[in-house]
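K.L.:
Below you'll find the structure I mean.
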Amino acid sequence: MNSHPNSPRHPWARLTAAARTVHDDRETSAPYAFSTRVVALALGRETKMVSLFDVFALRALGVACLLAIFSVVVNFGELSRRLSGPPQGPALVEDVLPPVQDAAAVVLALSD
Amino acid sequence: MPDETDPPFDLAGCLARVRQKDQQAARQLVDHLYPLVIRIVRSHLPRRVAEEDLSQEVFLKMFSRLAQYQGAVPFPHWVSRIAVTTCIDHLRAQKRRPEFRWADLSENEAEVLDAVMTNENDVPANDAMAAHELVHKLLGQLKPDDQLVIRLLDLEQKSIAEIAQITGWNQSLIKVRAFRARRKLQKLFQELRRKERS
């Protein structure tokens with residue numbers, strides 16, 4: 001026996017040569033209603049995915065609206081104060097805004 | 001079967017309509033590609049999987065990935081690749097391959113195998129079907145990827161470049177897989193001969 005499967009006299013090569021002569025006579029056209037079923041399934045999946053996205057998008061919109069309303073309620077006093085009268089000098093601004101500290105300076109001071 | 005008087009299928013136009021969710025165009029596309037897909041599925045069909053189920057899975061993947069198709073390769077090649085990878089995924093999922101045993105062969109298959117291992121003659125034409133079955137049983141002993149390469153090389157007589165196009169693997173990888181598969185087949189034949197003697 002020839003020892004390499006690449007060789008034409010190897011049993012494998014002779015078996016495949018014989019196997020190639022067998023022709024597959026089975027029908028190759030699509031079975032009845034196959035395409036209708038596949039298309040219905042494929043488009044059904046897409047619709048399902050889109051509706052899922054819709055649900056998430058609506059939820060996100062609802063949460064965003066609630067957050068907006070909450071932030072207006074929390075800051076209503078401040079907003080109304082600012083809108084009611086003109087600013088009255090730098091002292092008022094300092095009252096409104098928290099004092100800003102240099103973070104690096106704070107760290108250095110603590111390390112000392 | 002398409003009539004000879006039918007105009008050639010307008011694949012590009014059909015694809016454009018499918019992208020616009022035209023159901024009739026989608027059905028035409030499935031009907032047009034079915035022969036290509038079923039041939040691939042039949043030649044790489046795993047055990048206990050119905051060919052219609054597998055081809056349906058291929059088409060569903062095709063539709064779900066259609067937006068990713070950029071036209072870099074012809075559309076039938078792209079679909080072939082989906083079909084091949086789907087079959088390989090199923091073959092991998094089978095995990096354990098049954099051991100190849102003389103006892104599992106039919107009388108005719110055992111005679112053909114015995115003949116090719118003991119003489120240098122070609123397989124007679126009337127034993128071609130038995131040889132065909134034997135080849136598929138022997139291929140079943142290989143890893144799914146190796147099986148695919150050998151099937152395409154030795155049964156469908158594709159070139160390395162064609163296999164690269166069908167599978168998307170690079171040519172060196174295909175050569176390595178072919179080498180590994182042939183070595184495994186060689187071992188298998190040696191083992192069968194030993195078992196036969198014993």
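We name chains A, B, ... following the order of the structure tokens; residues begin at 1 in each chain, and ligands are numbered from 1 as shown.
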Neighbouring residues of segment 26-35 of chain B were defined as those with any atom within 8 Å, considering only C-alpha atoms; residues of the same chain fewer than 2 positions away were excluded. Please report them as a short mmCIF file (atom, residue, chain, number, x, y, z; two decimals) with N, CA and C atoms, in the first residue's frame.
P.N.:
data_model
loop_
_atom_site.label_atom_id
_atom_site.label_comp_id
_atom_site.auth_asym_id
_atom_site.auth_seq_id
_atom_site.Cartn_x
_atom_site.Cartn_y
_atom_site.Cartn_z
N THR A 28 -33.02 19.98 -5.72
CA THR A 28 -32.33 21.10 -5.08
C THR A 28 -33.19 22.37 -5.02
N SER A 29 -34.42 22.28 -5.55
CA SER A 29 -35.26 23.49 -5.45
C SER A 29 -35.94 23.51 -4.07
N ALA A 30 -36.28 24.71 -3.65
CA ALA A 30 -36.82 24.88 -2.29
C ALA A 30 -38.16 24.14 -2.13
N SER A 35 -39.73 29.28 1.44
CA SER A 35 -39.32 30.69 1.42
C SER A 35 -40.30 31.57 2.21
N THR A 36 -41.59 31.25 2.11
CA THR A 36 -42.59 32.04 2.85
C THR A 36 -42.34 31.94 4.35
N VAL A 39 -39.00 33.76 5.33
CA VAL A 39 -39.13 35.24 5.28
C VAL A 39 -40.00 35.72 6.45
N PHE B 9 -31.70 36.19 -13.26
CA PHE B 9 -32.14 36.73 -11.96
C PHE B 9 -31.36 38.00 -11.63
N LEU B 11 -29.96 39.86 -9.15
CA LEU B 11 -29.61 39.73 -7.73
C LEU B 11 -29.48 41.09 -7.04
N CYS B 14 -32.84 42.65 -6.56
CA CYS B 14 -33.58 41.90 -5.54
C CYS B 14 -33.07 42.27 -4.15
N LEU B 15 -31.74 42.34 -4.02
CA LEU B 15 -31.15 42.70 -2.71
C LEU B 15 -31.60 44.09 -2.27
N ARG B 17 -34.34 45.56 -3.00
CA ARG B 17 -35.74 45.51 -2.57
C ARG B 17 -35.87 44.80 -1.21
N VAL B 18 -35.02 43.79 -1.00
CA VAL B 18 -35.06 43.10 0.31
C VAL B 18 -34.68 44.07 1.42
N LYS B 21 -37.38 45.90 2.85
CA LYS B 21 -38.38 45.02 3.50
C LYS B 21 -39.46 44.53 2.53
N ASP B 22 -39.08 44.33 1.29
CA ASP B 22 -40.02 43.78 0.32
C ASP B 22 -40.08 42.27 0.50
N GLN B 23 -41.21 41.76 0.99
CA GLN B 23 -41.32 40.33 1.31
C GLN B 23 -41.25 39.45 0.08
N GLN B 24 -41.82 39.93 -1.03
CA GLN B 24 -41.80 39.11 -2.24
C GLN B 24 -40.35 38.95 -2.74
N VAL B 37 -27.38 26.70 -1.17
CA VAL B 37 -27.31 26.42 0.26
C VAL B 37 -27.54 24.94 0.54
N ILE B 38 -28.50 24.33 -0.13
CA ILE B 38 -28.82 22.93 0.17
C ILE B 38 -27.67 22.00 -0.24
N ARG B 39 -26.95 22.36 -1.30
CA ARG B 39 -25.79 21.53 -1.69
C ARG B 39 -24.72 21.57 -0.61
N SER B 55 -30.80 24.52 6.67
CA SER B 55 -30.86 25.54 5.61
C SER B 55 -31.71 26.72 6.07
N PHE B 59 -30.50 30.72 6.17
CA PHE B 59 -31.22 31.87 5.60
C PHE B 59 -31.57 32.91 6.67
N PRO B 76 -23.43 35.38 -3.54
CA PRO B 76 -23.51 33.92 -3.31
C PRO B 76 -22.32 33.39 -2.49
#
K.L.:
Which residues are close to Val22 of chain A, i.e. within 10 Å by only C-alpha atoms, leaving aside same-chain residues fewer than 2 positions away? Reply as a VMD selection string.
P.N.:
(chain A and resid 17 to 20 24 to 25) or (chain B and resid 125 127 to 132)
K.L.:
Please dump the current selection as a PDB file, in the first residue's frame; keep N, CA and C atoms.
P.N.:
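To be explicit, this is the file written out as out-v4.pdb:
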ATOM      1  N   ALA A  17     -11.910   8.834  -5.247  1.00  0.00           N
ATOM      2  CA  ALA A  17     -12.112   8.833  -6.701  1.00  0.00           C
ATOM      3  C   ALA A  17     -13.423   8.115  -7.034  1.00  0.00           C
ATOM      4  N   ALA A  18     -13.676   7.002  -6.346  1.00  0.00           N
ATOM      5  CA  ALA A  18     -14.926   6.259  -6.585  1.00  0.00           C
ATOM      6  C   ALA A  18     -16.121   7.055  -6.055  1.00  0.00           C
ATOM      7  N   ALA A  19     -15.934   7.691  -4.891  1.00  0.00           N
ATOM      8  CA  ALA A  19     -17.042   8.451  -4.277  1.00  0.00           C
ATOM      9  C   ALA A  19     -17.459   9.627  -5.164  1.00  0.00           C
ATOM     10  N   ARG A  20     -16.496  10.193  -5.868  1.00  0.00           N
ATOM     11  CA  ARG A  20     -16.811  11.350  -6.731  1.00  0.00           C
ATOM     12  C   ARG A  20     -17.703  10.973  -7.909  1.00  0.00           C
ATOM     13  N   ASP A  24     -25.351  13.157  -6.849  1.00  0.00           N
ATOM     14  CA  ASP A  24     -26.485  13.402  -5.970  1.00  0.00           C
ATOM     15  C   ASP A  24     -27.660  13.866  -6.829  1.00  0.00           C
ATOM     16  N   ASP A  25     -28.666  13.001  -6.970  1.00  0.00           N
ATOM     17  CA  ASP A  25     -29.808  13.326  -7.831  1.00  0.00           C
ATOM     18  C   ASP A  25     -30.979  13.927  -7.054  1.00  0.00           C
TER      19      ASP A  25
ATOM     20  N   ALA B 125     -16.842   0.223 -10.427  1.00  0.00           N
ATOM     21  CA  ALA B 125     -17.921   1.218 -10.551  1.00  0.00           C
ATOM     22  C   ALA B 125     -19.162   0.819  -9.740  1.00  0.00           C
ATOM     23  N   ASP B 127     -19.273  -0.502  -6.968  1.00  0.00           N
ATOM     24  CA  ASP B 127     -19.049  -0.316  -5.526  1.00  0.00           C
ATOM     25  C   ASP B 127     -18.901   1.170  -5.162  1.00  0.00           C
ATOM     26  N   ALA B 128     -19.200   2.024  -6.142  1.00  0.00           N
ATOM     27  CA  ALA B 128     -18.991   3.464  -5.905  1.00  0.00           C
ATOM     28  C   ALA B 128     -19.827   3.984  -4.737  1.00  0.00           C
ATOM     29  N   MET B 129     -21.058   3.491  -4.628  1.00  0.00           N
ATOM     30  CA  MET B 129     -21.920   3.980  -3.546  1.00  0.00           C
ATOM     31  C   MET B 129     -21.365   3.568  -2.179  1.00  0.00           C
ATOM     32  N   ALA B 130     -20.863   2.338  -2.115  1.00  0.00           N
ATOM     33  CA  ALA B 130     -20.269   1.871  -0.849  1.00  0.00           C
ATOM     34  C   ALA B 130     -19.033   2.705  -0.519  1.00  0.00           C
ATOM     35  N   ALA B 131     -18.238   3.030  -1.551  1.00  0.00           N
ATOM     36  CA  ALA B 131     -17.050   3.863  -1.341  1.00  0.00           C
ATOM     37  C   ALA B 131     -17.462   5.251  -0.849  1.00  0.00           C
ATOM     38  N   HIS B 132     -18.547   5.748  -1.411  1.00  0.00           N
ATOM     39  CA  HIS B 132     -19.068   7.065  -1.022  1.00  0.00           C
ATOM     40  C   HIS B 132     -19.450   7.069   0.465  1.00  0.00           C
TER      41      HIS B 132
END
K.L.:
Please report as a ChimeraX atom specification which residues of chain A come no farther than 12 Å from chain B, using only C-alpha atoms.
P.N.:
/A:1-47,49
K.L.:
Using only C-alpha atoms, which of the listed residues (B:Leu105, B:Leu148, B:Ile166, B:Leu142) sits closest to Ser80 of chain B?
P.N.:
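Using only C-alpha atoms, the shortest distance to Ser80 of chain B belongs to B:Ile166.
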K.L.:
As an exercise, work out the distance from atom CA of Asn108 of chain B to atom CA of Gly140 of chain B in Å and give it to one decimal place.
P.N.:
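Result for atom CA of Asn108 of chain B versus atom CA of Gly140 of chain B: 18.9 Å, one decimal.
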K.L.:
For atom CA of Pro7 of chain B and atom CA of Ile40 of chain B, quote the distance in Å rounded to one decimal.
P.N.:
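One can read the atom CA of Pro7 of chain B to atom CA of Ile40 of chain B distance as 25.8 Å.
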